[in-house]
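In what follows, a single structure is set out as C-alpha cells and then discussed.
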Amino acid sequence: MNAQPSRRPLLALKGVTQTYRLARQSLFAARPILTVLDGIDFDVGPGEAVGLVGESGSGKTTLTRMLTGVERPQRGEVSFDGEDVWTMDAAERARFRRAVQVVLQNPRSSLDPRMRIGTSLLEPLRSLGVRGDHAARVHQVLDQVGLSRTALERFPHEFSGGQLQRIAIARALMPNPRVLIADEPVSALDVSIQAQVINLMQDLVHDLGLSLVFIAHDLSVVAYTTSRVSVMSAGRIVEVGRPLDLFTAPRAEATQSLVGAVLRVETGLAGHALD
Amino acid sequence: MSAPANALEVRDLVVTNGEVAAVRGVSFTIPAGGRMGLVGESGSGKSMTALALMGLLPMGWGAQGSVLHDGVDLVTQSDRALSSRRGRTLSMVFQDPLSSLNPVRRVGDQIAWVIRRHTGVDRREAERQTLDLVRQMKLPRPEQIVRAYPHEISGGQRQRIMIAMALACYPQLIIADEPTTALDVTVQKQVLRLLNAAVKERNSALLMITHDLPIIAAMCDSVAVMYAGRIVEMGPVGEVFRTPRHHYTRGLLESQPTMDNIALDGSSRLVSIPGMVPPLHDLPAGCAFHPRCPAASERCRSAMPELDGRGRAAACWHPAAAAVEAAP
C-alpha cells in the first residue's frame with residue numbers, strides 16, 4: 001500500500017471486527033470466542049473493481065455480510081457514500097440496499113426452482129418495494145447479460161450453470177445497483193464458461209460504471225477483472241496490491257501460499273508443477 | 001501375479017439409459033503404470049465413463065462395449081465379481097471424501113477393513129499396515145488420526161484417507177475423479193503430490209478425471225479430451241497441450257487464466273468458447289462441437305468426424321496446427 005489516491009470510497013469498512021461465541025466445550029468452561037474479522041479496513045471506489053482472495057475460513061464470506069449490511073459488526077464502521085450504514089435513516093437505508101447487490105457462488109441454489117426466471121428477476125424490486133411496470137427494465141438487463149427474452153418463461157432447471165449465473169447477475173442488476181459483490185461467482189462453473197462470466201463482469205464494470213468486489217480463492221481469476229487485490233488470512237487483510245505485483249513479488253506468507261498453489265499447464269508439462 | 005501389459009483397455013464404450021447416451025463410443029488404453037488424464041466439462045461424459053469402469057453406474061444406466069482389465073471384461077462381470085475387485089485390482093478416489101467415507105466408523109477401521117477383506121491378513125497386521133499408510137500420507141499424529149471419525153478431520157485429511165484406502169491393496173489401476181476439486185487451493189497441491197508419489201511408488205496406473213488442465217499437465221503422460229460423450233482428441237500430454245488439433249482442446253487451453261499476459265488495470269480479456277455444452281437429448285448433428293467452433297464448415301454440420309490415428313488423434317475435419325503435418 002503506497003500513495004493513497006484522493007478518492008472517496010463508495011463502500012467502506014473501517015476497523016471492522018467481528019467475533020462469534022462458539023459452543024461450550026465443557027460444562028464449566030467459558031464459551032471460546034472466535035475472531036472472524038480483526039480490524040478490517042476495506043473499500044471500493046465508484047467504478048472501481050477490487051478483488052479479495054483468501055483460503056476458506058479466512059473470513060471472506062463474513063466480510064461480504066458486512067459489506068451488504070446483513071450483519072452488524074461488533075466494532076468498526078460500515079459506510080456507504082460517506083454515511084454509516086447502521087445509523088442512517090430508513091430512506092437512506094433503502095437506497096443502500098438497492099445500491100449494493102450480491103452474486104453468489106452457486107446460482108442453482110440462489111434461484112427459486114419453482115419460480116419462472118421472469119418472476120425471479122422481479123423479486124429484488126418487489127422485496128425492495130419498488131413499484132411500477134418493470135418490463136422494459138427486465139429486457140434491458142437480459143440484454144446486458146447476453147440472454148434472450150425467451151428465458152423469462154422458463155424455470156431454472158432448464159438452464160446450464162453458466163446461463164444460471166448470467167441470470168443471477170441479471171437479477172442483481174435489476175435494482176440498478178452501484179456496487180456488485182460477487183462471492184466466488186465462477187468457481188462452480190466449467191472452465192470455458194468461467195471465461196464468459198469473468199468477461200461479462202468486466203463489461204458491466206466498464207459499460208455501467210459499476211463498482212465490483214470480486215471474491216475468490218483463486219488469485220489468477222481475480223487478476224483478470226480487478227486493479228487492486230486484498231489478501232485475507234485469519235480474519236485480517238495481510239497484503240494489498242496490484243494483481244501482477246502480488247504474483248511476482250508476494251510479501252505476506254498467505255499471499256505466497258496462494259501464489260504457490262496456482263498450478264499452470266506450462267510448469268506441469270515441464271515436470272516441476274508439484275515440486 | 002503376472003503383470004498384464006495394459007492396466008486398462010476400453011473399446012467402444014457406450015453408456016446409456018435407453019433414451020440418451022452419456023458416453024457414445026469411447027476407446028482408450030492405459031499401459032501398466034501409465035497415467036492418463038480424461039478432461040471434459042460437465043456433461044462431457046467423463047464421470048459416467050469412470051462409473052462404468054467401476055461398475056457403479058446409477059440406476060437405469062447400462063454399459064456396452066468392452067473394458068479389459070486384469071484379464072477380464074469388466075462390462076460382463078457380475079456385481080459380486082466387481083465388488084471383490086474394487087479396492088483390490090482397481091480403486092477409485094471420488095471428489096467428495098465426506099460422502100465417500102462411512103460417518104459412523106473410525107477412519108482407521110475403514111482402511112483396515114479394505115485390507116482385511118482383500119488380503120485376508122489378521123486384524124493386527126491390517127492395523128499395522130493402516131498406520132503405515134496413514135504415515136505415508138504425511139498426516140499429523142497418525143496414531144490419533146486413525147481413531148478419528150470422518151467429521152473430526154479436515155477435508156484435505158479426509159481426502160488423504162481416501163487415497164490411503166485406494167492404495168491399500170496395491171491396485172493395478174487407480175481412478176481419481178476430481179480428487180481435489182472440493183479442497184482448498186493451498187491443500188490441493190499437497191494432496192496431488194502425495195497421490196503422485198504413492199502411485200509412482202506402487203507402479204499403479206492412474207486415470208485422472210478432471211476439468212482442470214494444469215492438474216493433467218502435472219500428473220499425466222497422456223490425455224484424452226471428451227466432449228458430448230466422445231473423445232475428440234487424444235495423445236501424449238505435451239503434444240496435445242502444446243499443439244492442440246481439435247478446436248475444443250485449443251479453446252480450453254486458451255480460456256485458462258494465466259499471469260503471463262495480465263494487464264495492470266484489470267482490463268485483460270480471457271479467451272472464451274462461445275455457447276455452451278449441448279444437452280444429451282439435443283446433440284447437434286455432425287460434429288457435436290460445430291455450433292461453438294470457429295472453423296466449422298458445411299461438412300462439420302452433417303458428418304461426424306472419427307477419431308483417427310492411434311497415438312495422437314483428433315476427431316476433427318479441420319484440425320488446427322495440422323499444417324505442420326499433412327493436411328487431410
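A note on labels: chains of the C-alpha cells are A, B, ... as shown, every chain counts residues from 1, and ligands are counted from 1 in their shown order.
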Within 8 Å of chain A, which residues belong to chain B? Use only C-alpha atoms and report them as a PyMOL selection string.
chain B and resi 41-42+184-189+192-193+211-219+237-238+241+251-252+255-259+262-274+276
Could you name the residues that touch His151 of chain B at 10 Å or less, counting only C-alpha atoms, but leaving out those on the same chain fewer than 3 positions away, as a PyMOL selection string?
chain B and resi 98+101-104+106-107+148+154-155+158
Which is closer to Arg292 of chain B than all the others in B:Gly275, B:Arg124, B:Arg80, B:Leu139, using only C-alpha atoms?
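Checking each of B:Gly275, B:Arg124, B:Arg80, B:Leu139 against Arg292 of chain B, counting only C-alpha atoms, the winner is B:Gly275.
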So which bits of segment 38-273 of chain A end up strand (DSSP E or B) when you DSSP the backbone, as a count of residues only?
47
Excluding Ala285 of chain B and its own-chain neighbours fewer than 3 positions away, which residues fall within 8 Å of it when counting only C-alpha atoms? Please give them as a list of chain:residue names.
B:Ala288, B:Arg301, B:Ser302, B:Ala303, B:Met304
Atom CA of Met137 of chain B to atom CA of Arg160 of chain B: how many Å, to one decimal?
6.1 Å
Could you pull the residues within 8 Å of Ile237 of chain A, counting only C-alpha atoms, minus those fewer than 4 positions along the same chain, as a ChimeraX atom specification?
/A:40-41,230-233
Atom CA of Thr210 of chain B and atom CA of Cys293 of chain B are how many Å apart?
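Interatomic distance, atom CA of Thr210 of chain B to atom CA of Cys293 of chain B: 22.2 Å.
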Among the residues of segment 25-228 of chain B, find those DSSP assigns to helix (DSSP H, G or I) from the backbone and print them as a VMD selection string.
chain B and resid 46 to 54 74 to 76 79 to 85 97 to 100 107 to 119 123 to 136 142 to 145 150 to 152 155 to 167 185 to 202 213 to 219
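Note that the spacing between atom CA of Glu92 of chain A and atom CA of Leu104 of chain A amounts to 24.8 Å.
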Need the shell around Val191 of chain B: protein/DNA/RNA residues with any atom at most 9 Å away, counting only C-alpha atoms. Skip same-chain ones fewer than 4 positions apart. Format as an NGL selection string?
:B and (137 or 156-157 or 159-160 or 163 or 179-180 or 187 or 195-196)
